[in-house]
Structures are given as C-alpha cells and as structure tokens.
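Visitor: So that we are looking at the same thing, I have put the structure below in structure tokens.
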Amino acid sequence: MSLKSFWQTLKAAWGSIFAILIGLIVAMIVLGASGYNPLYIFRGLEYSFFTKHGIINALAMATPLMLTAITWAVGARAGVFNVGAEGTLMIGAVAAIAAGALLKLPVGLHHLVVLAVAVAAGVLWTIPVAYLKIKRNVHEVVSTIMLNWVASFLVSFLVVWPLRDPEWPMRSLKILPTARFQPLVAGTNLTSVFFLSLAFTLVSYVLLWHTKTGQHIRATGFNPDVARNCGINVPRSTVFAFGIGGAAAGLAGYALTAGLPPLWSISEKLGTLVGYGFNGICVAAIGVNHPIGVIFAAIFFGGVLSSRSYMQMFLGVAPEITDVIAGVIVLILALPELSRMFLRWRRKKVIA
Amino acid sequence: MREGKAAVTAGKERLVIGLAIIAILAVAGLIVGIADSVHLFILGLNAMVPIALAAVGEVLTERGGLFNIGVEGIMLLASFGAVYAAELSGSWFVGLLAGLSVGALVSCVFALIATYGAGNQVVAGVGINMLALGLVAYFLLVAWGSPGFHLLSSYKIRIPKITISGYSVSWMIIVTLGITVVVHFILENTRFGLRLKAAGYNPFVTDVSGIDVYKLRTGACVIGGVLAGLGGVYMSLDWLGLSASSLIQGRGFIALACVVFGGLDPILTLEAAYLFGLLSAVGLWLQNIPWAAPLMLRGGSYLFLMLPYLAVLAVLVAFPRRQQLSKEIGMPYRRG
C-alpha cells in the first residue's frame, strides 16, 4: 500500500469515526435527558468488546449486517439507493425455511440447496425494482420500501398458514437438522455462517474492483452519462447491482434462519429479522460503501447491537437507543463535508 | 408548448383517476348498498388525509428541487411530539402546534444538509427515518413505559370532530382539501411559486438572476415538513388516537409515490392520495365480509394489509412517467 492510498484510507476512516463519535454523543444526550447515566452506553460497549460472550455475540450480529450492508454498498457504488435489504432478507429467510423444512436431503447437499434457494429468492425479489427503475422511471427507494412492506406481510402470512409449526403456534417450521449450522461455541449464536458471509463480502470486493463487470458498475455509479458514452451498458450494470444486492440480502436471510441457533425458525412477528436491513445501511455508510470497510464496520456495529440486550437486562435502558445511534451516524455521513469542516476549524483554532 | 402539453396530460390523468375512484365506489355501492358505500367513501377520506398532506408538502419540496425521503420519519416524530405535548399540557391545540414545530425543525435540518451542506439527500432522508424510529420507540418506553404504543389518556386531548349531515368527520379533511388548493394557487399564481419552480428547474440560471436558491429551497422544504408534520399529528391526535413506533406504516413513502404519480401537480397528487386511501379502506373493509372469514382464521389479514402497497406498485407500473420534470431534483446545487 502506497503512502498516498494510506492517507486516503485514513481520511475516509476519519469521516466514519467522526460520525460514530457524534452518534455516541447524541445517544449520551438522549440517555441523560431521559434520566439515565449517559455512561451506560459505554458499559454496554464494554460488554460487547471486552467480554468473551459479548465478542461472540457481536460477531454473530455482524454476520447478517455485513451482507445487508453489501446490499446498500453495491447499490451505492452503482448509483442506486437500494433500501430493500429489510424485505429481501425476510423473503430469503422464508425461502430458506421452506426449503430447509420441507425438503428431505442428505447433509451437505441440503445445506447447498437451501443456500441456493434463499439466494435465488433474494435475487428474484429484487429484479422487479430494477425493472421499475429502468423501464418505468420509478425511484428505487419508493419501490423497495413498498416491497419491504409487502414482504413483511407476505412472510407473516406464510408463517401463520402454510409454513406454521403445528406444535408451536405463531412460529414457522424449523429447518431440519440436515441443513442446520451448529454453534461454534456451545450456548451462543455464532455459527460458521459467519465465514460464509465474510467470503461473500470478499467475493463482492473482487467482483467490484477486479472484474470488468465491476468496473462498469462503478463507472455507472460515478457518472452514468460518461459511462453511457464510453459504451457501457448502463441498464445492465444497474440490474447487476440490484441482483448482487438481492443475493446478499437473501444470504442474510439464510444466515438468520439456518445459521441462527437455537430455534432455526422465524416467528409471526419476525422478531429475529427486523432491523438488520436498515442497520445495514448504517454499516455500509460507516464502511464508506467499500466491502473491506464494511467488514470492520459490521463487526463494530455488531458490537453496538449486541450491547442492546446487555443494556436492557442489566441497566434497564430501552434497546432502541442503538437505532438512535444508527440514525445519527447515517445522517452525519450524508454530509461528508462535516468531518472535514471540523478538522479545518480545529486547525484554524490552533493557528490563532 | 411543452408546458401546455404537460397541462393537457395532467388534465387527462386527473379524469382517469377520478373515474377510477368513482368506479370503485360505484362497484362497492352495487355490492353493499349506498349507505355502506358512503361509509367507505368517508373511511377513504380519513385514510387520505395523512398521505395527501405529506404528498402535497413533498410537491412543494420537490418543486424547489429537494427530494425529501425523510417525510416518513418527520410524520412519525411529529405524531409522537404532538401526543407528548398534548398529554403534558392537556390541550390538543398545544399538541398540534408541537407537532407542526417538530415537522418544521426536522425538515429544516434536512434542508440545511441538502442545500448549504450539499449532502446526499437520499442518505440524509434514510438517516432521518432511522433516527425517528429509534427516538420514538425509545421515548415511548421512557415516557409511558409502554413498549410500542400509547393510547391517548383522555378524550379531551383528541382533536374534536364535526358533524356533516349525520356523519361525524374530521375537519382536517377540509383543511387538507383547502391546503391542496392553496399550494396549487401558490405554485401557479404567486411570485414565490414561480421563483420556487425556477429554483427547482434550473438552479444555475435562477441563481444568476439574483434569487437565493438555498433560501427558497429551505423555505419550501420547511413548509413541506410542516405539512408532513400535520399529517403525523392527524394520525396520532385525530384519526387513531394513539402514538406508536409503527404508526405511519409506510404512508410517507406512499406519499412519495403519489408525488411521482402526480407529476408534481398538487391536484393530481391529492387524487392519487385519495385512491390509495380508499384502497387501504377497502383492504380493511374486506376483512370483515363473511366469505373472508375462513381465510382470516389462517392469517388472511396479512394478505389484505398488503393491498395498498401492491396498489402503489401496480399504479406505478400501469402509468409510467415518460420523463422526469427536471434532472435537478434531488441533486445538490453548489454555487460558483
């Protein structure tokens, strides 16, 4: 790595660190305003990053976050705003449940089939968005949000009726043992799906930065008019970006069913699935829409999410405080100038 | 020439949507009788108000050149702020004012990021939505200790209704219709409206003519935020009488779809909002009819809940926008 690119990395990371700091400060203000000790937020993070159980939990949370972040990041690199990870993840999850509980196949093959079905479902659910954008000029944020709502109701319906567990109302069938991932450490949620999502993230890096298709996708995002004039098939790049995003979100749904002990199933209210899509946007923003950055951001934000249960159980803080942090971080990162302005202001002060 | 053509198309589409609405009501009238049909009509009006207010506000915002995806979050924050202030003060009017100020404040933050900061508007909007969801869920728990939702503690702080020929309806319906006409008038007949459209259509030329594009855009966005806030206040203090973190349920985004469909024309946007309001009312009403009962036992309510969202997608597929009104909408404008 040359010195210049090192500097650039550091500069990019500075923006993210600045946003995280502001997010934590706002969370402290919110905690203080509602009568809690503002430092509780650091007690939670201490649990996530300095205890064995916390770290394992953080990595487990990072597994789907990484993938939903890739959904947004690949879209952003192609110049589209794919906020459909939330719904696509649910579709991937229910597809995984259907294939994992209804098919009877030997170990290994069953894993592969369930994986393929979940990813395919994610891609198929996302392609209409690309069609609407290219052919019908519908903004992708509107169509993906509509599809998110349709997905959440559709999946709830499927859990209540066709895929319901006869012995446990309000829950879906369980994925059969032949397609499950067992926890790496007994009593935790971390399974080897983590390595699968890590691999997918790295593959998406190679795809975007070291293949022709990826270069075309990024050129489209950089400036679609120039890309078109260079002979790049812009609609094709857009479809690819949505497709990769859909695959990533479908895989996240797979990770949250086949790779989520101890239940390997979903509930009617979709409690284990909600929130990962939108938090993924935050993770992608922290990771500057770069797969390698996303990996670190996901592990950090997985820590933030894993501190939720700790803060709720031991400190009595409402877990939604982490959504406040995520929202502030995204809001600050919408304005990349801000962190630079802050640096400039500091420098001026020093000179004066 | 182009302007004239666009006006003709808008007129035709107004007619088509109007006919579609009449057709739905007529079919309902044939099936369930006139009385139920009138009831459905009013349910549709109730469901229209939040969507229409947010959508008309967004028309103003987008005419000025900003694309505010944060309306959903603004509505949610305003609905909570209104309930909180109303519970504290014991007066719905204070709640209303609080909700409007929340709308103004949040949209002002968005507008500053989008104009002076030249930030990414979609990312900022998504951030506002996430922040709103977190803040409302958190403070619902802190303020009333209730996870998820809070019912209004007394009828006094609910916005009073008026009675028109035997039907008790919200006066916010009339306000909504009035605001739509006023916004239409402002856009077509006032200096502010003309300048705003110029700022949205071509900020460079507008700036060179000595008009402050940033100020205009911020102003329009704040008005849009106040209207979205009013929509949120209506939902919590008037229509449903509760505050919840899942109160808005995508209505802000349905409003955005209405704006897309309405082609930045307030009247057409209002009609689209009524169409979606009516469809969600039909969805709720279908759940109660006898032949749906066996389906309801098996989670069929979820299928009916999907209806308005599917309708939005279907309408967007059926009536494509041929071209965007301006490429500048949603793009940051940098001076110099």
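Residues in the structure tokens are named by chain (A, B, ... in the order shown) and by number from 1 within that chain; ligands are numbered from 1 in the order shown.
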Would you mind writing down, as a ChimeraX atom specification, each residue of segment 163-312 of chain B that DSSP on the backbone assigns to helix (DSSP H, G or I)?

Guide: /B:171-189,191-201,203-208,213-239,251-262,266-286,290-297,300-305,307-312

Visitor: Create the file for the chosen residues now, containing C-alpha atoms and written as a tab-separated table (two decimals), in the first residue's frame.

Guide:
chain	number	residue	atom	x	y	z
B	171	TRP	CA	-62.29	18.89	9.97
B	172	MET	CA	-58.75	18.04	8.93
B	173	ILE	CA	-60.27	16.59	5.75
B	174	ILE	CA	-61.49	20.05	4.78
B	175	VAL	CA	-58.16	21.58	5.81
B	176	THR	CA	-56.36	19.09	3.57
B	177	LEU	CA	-58.51	19.95	0.57
B	178	GLY	CA	-58.00	23.65	1.28
B	179	ILE	CA	-54.24	23.31	1.62
B	180	THR	CA	-54.03	21.47	-1.69
B	181	VAL	CA	-55.87	24.29	-3.46
B	182	VAL	CA	-53.70	26.89	-1.74
B	183	VAL	CA	-50.50	25.09	-2.74
B	184	HIS	CA	-51.76	24.85	-6.30
B	185	PHE	CA	-52.50	28.57	-6.24
B	186	ILE	CA	-49.10	29.42	-4.75
B	187	LEU	CA	-47.27	27.39	-7.40
B	188	GLU	CA	-49.20	28.82	-10.34
B	189	ASN	CA	-50.02	32.39	-9.33
B	191	ARG	CA	-44.01	35.21	-7.24
B	192	PHE	CA	-42.75	32.77	-4.61
B	193	GLY	CA	-44.19	29.83	-6.53
B	194	LEU	CA	-42.72	30.95	-9.81
B	195	ARG	CA	-39.29	31.51	-8.28
B	196	LEU	CA	-39.51	28.18	-6.48
B	197	LYS	CA	-40.23	26.33	-9.70
B	198	ALA	CA	-37.32	28.16	-11.34
B	199	ALA	CA	-35.03	27.16	-8.46
B	200	GLY	CA	-36.08	23.57	-8.91
B	201	TYR	CA	-35.97	23.53	-12.69
B	203	PRO	CA	-30.90	26.50	-10.10
B	204	PHE	CA	-27.94	27.87	-12.05
B	205	VAL	CA	-29.97	30.35	-14.07
B	206	THR	CA	-32.10	31.22	-11.06
B	207	ASP	CA	-29.03	31.97	-9.00
B	208	VAL	CA	-27.57	34.15	-11.74
B	213	VAL	CA	-31.75	29.34	-4.39
B	214	TYR	CA	-30.72	27.96	-0.99
B	215	LYS	CA	-33.18	30.16	0.89
B	216	LEU	CA	-36.04	29.29	-1.45
B	217	ARG	CA	-35.34	25.57	-1.26
B	218	THR	CA	-35.02	25.65	2.51
B	219	GLY	CA	-38.27	27.60	2.81
B	220	ALA	CA	-40.20	25.21	0.58
B	221	CYS	CA	-38.77	22.20	2.38
B	222	VAL	CA	-39.76	23.60	5.78
B	223	ILE	CA	-43.33	24.23	4.58
B	224	GLY	CA	-43.36	20.68	3.23
B	225	GLY	CA	-42.12	19.43	6.61
B	226	VAL	CA	-44.86	21.33	8.42
B	227	LEU	CA	-47.48	19.73	6.18
B	228	ALA	CA	-45.98	16.26	6.73
B	229	GLY	CA	-45.97	17.04	10.45
B	230	LEU	CA	-49.66	17.96	10.22
B	231	GLY	CA	-50.26	14.59	8.61
B	232	GLY	CA	-48.50	12.90	11.54
B	233	VAL	CA	-50.48	14.95	14.07
B	234	TYR	CA	-53.71	13.97	12.34
B	235	MET	CA	-52.83	10.31	12.61
B	236	SER	CA	-51.99	10.37	16.30
B	237	LEU	CA	-54.28	13.04	17.78
B	238	ASP	CA	-57.25	12.77	15.46
B	239	TRP	CA	-57.68	9.60	13.45
B	251	ARG	CA	-47.55	6.27	4.45
B	252	GLY	CA	-44.70	8.73	3.96
B	253	PHE	CA	-43.40	6.57	1.14
B	254	ILE	CA	-46.87	6.11	-0.32
B	255	ALA	CA	-46.98	9.91	-0.34
B	256	LEU	CA	-43.71	9.94	-2.30
B	257	ALA	CA	-45.28	7.53	-4.77
B	258	CYS	CA	-48.28	9.86	-5.08
B	259	VAL	CA	-45.93	12.72	-5.90
B	260	VAL	CA	-44.22	10.61	-8.56
B	261	PHE	CA	-47.58	9.64	-9.96
B	262	GLY	CA	-48.97	13.16	-9.73
B	266	PRO	CA	-50.91	19.12	-6.34
B	267	ILE	CA	-54.44	18.31	-7.53
B	268	LEU	CA	-53.42	15.07	-9.26
B	269	THR	CA	-51.34	14.18	-6.20
B	270	LEU	CA	-54.39	14.66	-4.00
B	271	GLU	CA	-56.43	12.37	-6.23
B	272	ALA	CA	-53.73	9.71	-6.09
B	273	ALA	CA	-53.65	10.06	-2.30
B	274	TYR	CA	-57.41	9.53	-2.18
B	275	LEU	CA	-57.12	6.48	-4.42
B	276	PHE	CA	-54.58	4.87	-2.09
B	277	GLY	CA	-56.54	5.93	0.99
B	278	LEU	CA	-59.66	4.36	-0.48
B	279	LEU	CA	-57.82	1.16	-1.34
B	280	SER	CA	-56.46	0.79	2.18
B	281	ALA	CA	-60.01	1.36	3.47
B	282	VAL	CA	-61.25	-1.32	1.07
B	283	GLY	CA	-58.50	-3.61	2.40
B	284	LEU	CA	-59.68	-3.12	5.97
B	285	TRP	CA	-63.32	-3.45	4.98
B	286	LEU	CA	-62.77	-6.68	3.02
B	290	PRO	CA	-68.37	-13.09	5.66
B	291	TRP	CA	-66.69	-15.06	2.89
B	292	ALA	CA	-63.27	-13.88	4.06
B	293	ALA	CA	-63.81	-15.46	7.48
B	294	PRO	CA	-62.14	-18.84	6.82
B	295	LEU	CA	-59.18	-17.03	5.31
B	296	MET	CA	-58.97	-14.68	8.28
B	297	LEU	CA	-58.50	-17.63	10.62
B	300	GLY	CA	-55.53	-13.73	5.81
B	301	SER	CA	-55.45	-10.31	7.44
B	302	TYR	CA	-51.82	-10.08	6.38
B	303	LEU	CA	-52.86	-10.54	2.76
B	304	PHE	CA	-55.36	-7.67	2.98
B	305	LEU	CA	-52.77	-5.45	4.65
B	307	LEU	CA	-53.24	-4.33	-0.65
B	308	PRO	CA	-52.33	-0.59	-0.55
B	309	TYR	CA	-48.64	-1.30	-1.11
B	310	LEU	CA	-49.36	-3.60	-4.02
B	311	ALA	CA	-51.73	-0.98	-5.40
B	312	VAL	CA	-48.96	1.62	-5.33

Visitor: May I ask you to extract the residues of chain B within 8 Å of chain A, using only C-alpha atoms, and to give them as an mmCIF file with C-alpha atoms, in the first residue's frame?

Guide:
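Contents of selection-v2.cif, as written:
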data_model
loop_
_atom_site.group_PDB
_atom_site.id
_atom_site.type_symbol
_atom_site.label_atom_id
_atom_site.label_comp_id
_atom_site.auth_asym_id
_atom_site.auth_seq_id
_atom_site.Cartn_x
_atom_site.Cartn_y
_atom_site.Cartn_z
ATOM 1 C CA ILE B 113 -27.853 19.411 4.956
ATOM 2 C CA GLY B 117 -24.080 21.332 3.067
ATOM 3 C CA ALA B 118 -24.649 19.880 -0.452
ATOM 4 C CA GLY B 119 -25.012 16.477 1.191
ATOM 5 C CA ASN B 120 -26.557 13.323 -0.211
ATOM 6 C CA GLN B 121 -30.311 13.816 0.098
ATOM 7 C CA VAL B 122 -31.331 10.181 -0.055
ATOM 8 C CA VAL B 123 -28.832 9.175 2.618
ATOM 9 C CA ALA B 124 -29.917 12.092 4.821
ATOM 10 C CA GLY B 125 -33.568 11.115 4.389
ATOM 11 C CA VAL B 126 -32.872 7.488 5.245
ATOM 12 C CA GLY B 127 -30.962 8.728 8.301
ATOM 13 C CA ILE B 128 -33.942 10.815 9.422
ATOM 14 C CA ASN B 129 -36.246 7.809 9.089
ATOM 15 C CA MET B 130 -33.957 5.587 11.155
ATOM 16 C CA LEU B 131 -33.439 8.276 13.764
ATOM 17 C CA ALA B 132 -37.187 8.868 14.033
ATOM 18 C CA LEU B 133 -37.917 5.183 14.509
ATOM 19 C CA GLY B 134 -35.285 4.906 17.238
ATOM 20 C CA LEU B 135 -36.239 8.106 19.055
ATOM 21 C CA ALA B 137 -39.617 3.791 20.201
ATOM 22 C CA TYR B 138 -37.160 4.873 22.890
ATOM 23 C CA LEU B 141 -40.832 3.464 26.629
ATOM 24 C CA VAL B 142 -39.315 6.251 28.707
ATOM 25 C CA GLY B 250 -45.016 3.492 5.073
ATOM 26 C CA PHE B 253 -43.402 6.568 1.139
ATOM 27 C CA ILE B 254 -46.874 6.108 -0.323
ATOM 28 C CA LEU B 256 -43.713 9.942 -2.299
ATOM 29 C CA ALA B 257 -45.278 7.533 -4.774
ATOM 30 C CA VAL B 260 -44.224 10.609 -8.557
ATOM 31 C CA ARG B 298 -55.412 -18.557 8.627
ATOM 32 C CA GLY B 299 -53.626 -15.220 8.726
ATOM 33 C CA GLY B 300 -55.527 -13.727 5.809
ATOM 34 C CA TYR B 302 -51.823 -10.079 6.382
ATOM 35 C CA LEU B 303 -52.860 -10.541 2.762
ATOM 36 C CA LEU B 305 -52.767 -5.453 4.651
ATOM 37 C CA MET B 306 -50.573 -5.869 1.574
ATOM 38 C CA TYR B 309 -48.645 -1.296 -1.105
ATOM 39 C CA LEU B 310 -49.355 -3.602 -4.017
ATOM 40 C CA VAL B 312 -48.963 1.620 -5.326
ATOM 41 C CA LEU B 313 -46.665 -0.702 -7.261
ATOM 42 C CA LEU B 316 -46.612 2.932 -10.888
ATOM 43 C CA VAL B 317 -46.304 0.104 -13.420
ATOM 44 C CA PRO B 320 -45.252 5.203 -16.247
ATOM 45 C CA ARG B 321 -43.714 8.655 -16.082
ATOM 46 C CA ARG B 322 -42.342 9.323 -19.535
ATOM 47 C CA GLN B 323 -39.742 11.800 -18.430
ATOM 48 C CA GLN B 324 -38.676 13.418 -15.237
#

Visitor: Give me the residues within 10 Å of segment 151-166 of chain B as a PyMOL selection string, counting only C-alpha atoms and dropping any in the same chain fewer than 3 places off.

Guide: chain B and resi 83-87+89-96+144+146+169-172+233-234+236-244

Visitor: Can you measure atom CA of Glu72 of chain B to atom CA of Gly243 of chain A for me? One decimal in Å is fine.

Guide: 26.7 Å

Visitor: Tell me, in Å to one decimal, how far atom CA of Lys52 of chain A is from atom CA of Leu260 of chain A.

Guide: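 Between atom CA of Lys52 of chain A and atom CA of Leu260 of chain A the gap is 18.7 Å.
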
Visitor: Between B:Met331, B:Ile34, B:Ala111, B:Ala314, which is the closest to Pro128 of chain A once you count only C-alpha atoms?

Guide: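 The answer is B:Ala314, which sits nearest to Pro128 of chain A.
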
Visitor: Could you please write out, as a ChimeraX atom specification, every residue of segment 53-205 of chain B that DSSP assigns to strand (DSSP E or B)?

Guide: /B:149-151,162-164,167-169

Visitor: Would you kindly return, as a ChimeraX atom specification, each protein, DNA or RNA residue with an atom no farther than 9 Å from any atom of Arg218 of chain A, considering only C-alpha atoms and excluding same-chain residues fewer than 4 positions away?

Guide: /A:74,76-79,208-209,213-214,222-223,237

Visitor: Work out how far atom CA of Asn202 of chain B is from atom CA of Asn82 of chain A, in Å to one decimal.

Guide: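 Value for the atom CA of Asn82 of chain A-atom CA of Asn202 of chain B distance: 27.5 Å.
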
Visitor: Find the spatial neighbours of Asn189 of chain A, counting only C-alpha atoms, within a cut-off of 7 Å - ignore same-chain residues fewer than 4 positions away - and output them as an NGL selection string.

Guide: :A and (57 or 60 or 183 or 260-261)

Visitor: I'd like the contact shell of Gly44 of chain A - 8 Å cut-off, only C-alpha atoms, skipping same-chain residues fewer than 5 positions apart - returned as a PyMOL selection string.

Guide: chain A and resi 304+307-308+310-311

Visitor: For Phe242 of chain A, which residue among A:Val123, A:Ala298, A:Met66, A:Ala99 is the nearest when counting only C-alpha atoms?

Guide: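 Using only C-alpha atoms, Phe242 of chain A sits closest to A:Val123.
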